[in-house]
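A short write-up of the structure that comes next.
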Amino acid sequence: MHDLSRLSQALLDAAKQAGADAADVLTVQGTAVEFDVREGKLEQAERSEGIDLGLRVFIGQKQACISSSDSSDRAISEMAERAVAMAKVAPADPYAGLADRAQLATNTDVANLELHDPSPEPSAKTLQDDAQAAEEAARAINGVAQVQSASASYSARDIHVANSLGFNAGYARTDRSISCVAISGTGLEMERDYDFDARIFQNELRSAADIGRVAGERCVERTGARQPATGTYPVLFDERISSSLISHLLSAVNGAGIARGSSWLRDALGQQVLPQHLSITENPHRARVSGSRVFDAEGLPTKQRAIVEAGTLTGWTLDLATARQLGLESTANAMRGTSSPPRPGTTNISLTQGTQSRGDLIRDMGTGLLVTSMIGSTINPNTGDYSRGASGFWVENGEIAYPVNECTIAGNLKAMLGTIVPANDAHAHLNYVVPSLLVDGMTLAGA
């Protein structure tokens with residue numbers, strides 16, 4: 001394993017030697033293992049180990065990014081020289097540049113976030129057994145015709161950020177997951193559904209048998225699905241997919257879109273965008289949650305903030321470049337890959353939960369659609385017009401009547417989000433803690 005602190009400094013030194021005015025670095029090294037089982041036999045086993053180096057250099061207001069998986073001294077030197085040559089011919093960007101030194105995080109200790117499970121990497125047998133147990137549990141459900149996939153995986157990564165102002169810090173994180181996709185019926189009557197779980201600490205992972213069982217039960221429940229009636233009805237977004245609605249709002253308040261003027265919420269700062277009793281909070285310091293971090297990709301200290309407070313939009317999501325463009329301060333939301341410059345993005349989002357259960361909302365909606373999965377997406381970023389393919393269950397007289405598929409739900413996000421009613425079923429360990437959401441009066445295109 002490489003010492004990423006030293007490697008990052010070597011990249012910065014090489015950039016300076018090549019003539020860069022300033023530079024920053026993202027280095028990632030790790031291991032990923034995945035086992036896939038099909039019909040009781042190992043179908044595929046993959047293991048990858050490697051390192052990715054990302055270097056961004058500045059020549060005045062010009063910048064260039066370059067990445068490599070070769071960490072040799074020669075490769076680092078050539079990488080820096082190429083990056084500088086690219087920056088010299090790049091167009092000037094008046095908003096590009098590193099943070100001021102005073103903006104950088106001074107506390108980089110991530111121990112309290114518990115992002116790394118110290119227990120040993122699971123053996124190949126353990127992963128294969130988990131995948132097989134998930135498949136067997138799904139196949140044991142009466143009505144399951146086949147299991148499309150059953151997988152178990154593990155990854156461990158070290159991530160390091162450094163820049164020429166002296167910031168040099170990193171952290172380790174692990175992930176362990178199990179997933180299963182089951183199918184009921186045959187031919188044109190096939191229906192598919194899934195279940196999965198992913199955790200940082202292996203001992204918190206749900207059992208493989210439970211994941212397989214739920215996947216099997218879900219797909220059987222969809223047997224005999226048909227199209228619902230066309231019309232205007234309330235729609236309940238199941239907890240599994242409800243976070244997509246909140247993601248659309250978060251995309252609309254992303255500084256990149258605001259700076260371009262291409263957002264349906266571009267004029268909504270300080271205005272009501274959710275019902276008054278609801279708030280959206282970003283907390284990057286939640287323990288044992290995959291999106292947690294104490295500094296962003298530009299080395300700025302992260303902190304909890306209310307994106308929407310009591311229904312009112314309080315601010316944009318910004319990195320340094322978009323903040324400068326808008327004449328504001330960064331919200332420490334920079335994210336980046338090794339081959340690209342930073343961009344703004346959110347993590348660890350929570351929506352205020354309601355007081356009613358999902359069952360209560362189904363009862364109260366009368367007649368409408370419970371959506372459990374969606375495909376495709378047509379979202380107009382300028383107007384918020386929304387249209388997606390959906391499937392789930394038809395509700396009549398406050399009770400689930402039959403499964404449905406091949407329908408389209410449509411509306412406008414401003415109106416949809418302005419009337420949402422949350423349930424109380426959000427899962428606290430997820431990156432997005434969003435409960436089932438009831439939206440009144442959407443247009444359904446079905447039979």
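Just remember, in the structure tokens the first chain shown is A, the second B, etc., residues are 1-based per chain, and ligands are 1-based in the order shown.
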
**Request:** List the neighbours of segment 156-158 of chain A out to 6 Å using only C-alpha atoms; skip same-chain residues closer than 5 positions along the sequence, and give me the result as a list of chain:residue names.
**Result:** A:Val28, A:Gln29, A:Gly30, A:Thr31, A:Tyr171, A:Ala172, A:Arg173, A:Thr174

Using C-alpha atoms, can you export the residues from the last selection as a JSON list (two decimals), in the first residue's frame?
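This is the output file out11.json:
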```
[["chain", "number", "residue", "atom", "x", "y", "z"],
["A", 28, "VAL", "CA", -7.55, 7.06, -4.13],
["A", 29, "GLN", "CA", -6.34, 3.52, -3.55],
["A", 30, "GLY", "CA", -8.30, 0.50, -2.58],
["A", 31, "THR", "CA", -9.63, -2.99, -3.00],
["A", 171, "TYR", "CA", -9.33, 9.04, 5.48],
["A", 172, "ALA", "CA", -10.21, 5.37, 5.00],
["A", 173, "ARG", "CA", -13.65, 3.90, 4.40],
["A", 174, "THR", "CA", -15.17, 0.47, 3.91]]
```

Do you have, as CSV, the list of residues of segment 343-391 of chain A lying at most 9 Å from segment 232-256 of chain A, each with its nearest atom pair and that distance in Å to one decimal, counting only C-alpha atoms and ordered by chain then number?
```
residue,atom,partner,partner_atom,distance
A:Arg343,CA,A:Ala256,CA,7.5
A:Pro344,CA,A:Asn254,CA,6.5
A:Gly345,CA,A:Asn254,CA,7.0
A:Thr346,CA,A:Leu250,CA,7.6
A:Ile349,CA,A:Ile246,CA,9.0
A:Leu351,CA,A:Ile246,CA,8.3
A:Arg358,CA,A:Asp238,CA,8.1
A:Leu361,CA,A:Leu236,CA,7.8
A:Ile362,CA,A:Leu236,CA,7.6
A:Met365,CA,A:Pro234,CA,6.4
A:Gly366,CA,A:Pro234,CA,8.4
A:Thr367,CA,A:Tyr233,CA,7.0
A:Gly368,CA,A:Pro234,CA,5.0
A:Leu369,CA,A:Val235,CA,4.8
A:Leu370,CA,A:Leu236,CA,4.7
A:Val371,CA,A:Phe237,CA,5.0
A:Thr372,CA,A:Asp238,CA,5.3
A:Ser373,CA,A:Ile241,CA,6.6
A:Met374,CA,A:Ile241,CA,7.8
A:Ile379,CA,A:His248,CA,8.6
A:Pro381,CA,A:Ala252,CA,7.2
A:Asn382,CA,A:Ala252,CA,8.8
A:Gly384,CA,A:Ala252,CA,8.7
```

**Fill in**
Counting only C-alpha atoms, closest pick from A:Gln227, A:Ser77, A:Ser123, A:Asn168 relative to Thr108 of chain A is A:Asn168

**Asked** Looking only at the backbone, which of the residues in segment 160-306 of chain A does DSSP tag as helix (DSSP H, G or I), as a count of residues only?
**Response** 36

When you look at segment 331-341 of chain A with a cut-off of 6 Å (counting only C-alpha atoms), what residues show up, excluding the ones that are within fewer than 6 positions of it in the same chain? I need them as a PDB file with N, CA and C atoms, in the first residue's frame.
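Contents of result-v4.pdb, as written:
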```pdb
ATOM      1  N   LEU A  26      -6.024  14.707  -5.776  1.00  0.00           N
ATOM      2  CA  LEU A  26      -6.892  13.690  -5.176  1.00  0.00           C
ATOM      3  C   LEU A  26      -6.281  12.337  -5.486  1.00  0.00           C
ATOM      4  N   GLY A  54      -5.118  11.904  -9.240  1.00  0.00           N
ATOM      5  CA  GLY A  54      -5.721  13.017  -9.957  1.00  0.00           C
ATOM      6  C   GLY A  54      -4.995  14.297  -9.622  1.00  0.00           C
ATOM      7  N   CYS A  65      -6.755  19.270 -15.705  1.00  0.00           N
ATOM      8  CA  CYS A  65      -6.793  18.080 -14.854  1.00  0.00           C
ATOM      9  C   CYS A  65      -6.253  16.890 -15.625  1.00  0.00           C
ATOM     10  N   ILE A  66      -5.533  16.037 -14.930  1.00  0.00           N
ATOM     11  CA  ILE A  66      -5.006  14.829 -15.547  1.00  0.00           C
ATOM     12  C   ILE A  66      -5.007  13.725 -14.493  1.00  0.00           C
ATOM     13  N   SER A  67      -5.209  12.490 -14.928  1.00  0.00           N
ATOM     14  CA  SER A  67      -5.245  11.369 -13.989  1.00  0.00           C
ATOM     15  C   SER A  67      -4.378  10.229 -14.506  1.00  0.00           C
ATOM     16  N   ASP A 296     -14.186  18.953   2.403  1.00  0.00           N
ATOM     17  CA  ASP A 296     -14.654  18.644   1.052  1.00  0.00           C
ATOM     18  C   ASP A 296     -13.476  18.456   0.111  1.00  0.00           C
ATOM     19  N   ALA A 297     -13.741  18.317  -1.172  1.00  0.00           N
ATOM     20  CA  ALA A 297     -12.690  18.012  -2.146  1.00  0.00           C
ATOM     21  C   ALA A 297     -11.740  19.168  -2.382  1.00  0.00           C
ATOM     22  N   LEU A 300     -12.030  22.418   2.351  1.00  0.00           N
ATOM     23  CA  LEU A 300     -12.782  23.296   3.231  1.00  0.00           C
ATOM     24  C   LEU A 300     -13.519  22.482   4.296  1.00  0.00           C
ATOM     25  N   THR A 302     -16.408  21.016   6.439  1.00  0.00           N
ATOM     26  CA  THR A 302     -17.839  20.830   6.216  1.00  0.00           C
ATOM     27  C   THR A 302     -18.602  21.116   7.505  1.00  0.00           C
ATOM     28  N   LEU A 318     -22.757  25.102  -3.041  1.00  0.00           N
ATOM     29  CA  LEU A 318     -21.667  25.777  -3.746  1.00  0.00           C
ATOM     30  C   LEU A 318     -20.311  25.148  -3.470  1.00  0.00           C
ATOM     31  N   ASP A 319     -19.484  25.123  -4.507  1.00  0.00           N
ATOM     32  CA  ASP A 319     -18.054  24.913  -4.339  1.00  0.00           C
ATOM     33  C   ASP A 319     -17.393  26.282  -4.504  1.00  0.00           C
TER      34      ASP A 319
END
```

**Prompt:** If we count only C-alpha atoms, what is near Tyr154 of chain A at a cut-off of 10 Å, once residues fewer than 6 positions away on the same chain are taken out, given as a list in words?
**Reply:** Thr31, Ala32, Val33, Glu34, Phe35, Arg47, Glu121, Pro122, Ser123, Leu127, Thr174, Asp175, Arg176, Ser177, Ile178, Ala198, Arg199, Ile200 and Gln202 of chain A

**Request:** Find the residue from A:Gln356, A:Ser387, A:Asn112, A:Thr314 that sits nearest to Asn424 of chain A; use only C-alpha atoms when measuring.
**Result:**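 Looking only at the distances to Asn424 of chain A, the closest residue turns out to be A:Gln356.
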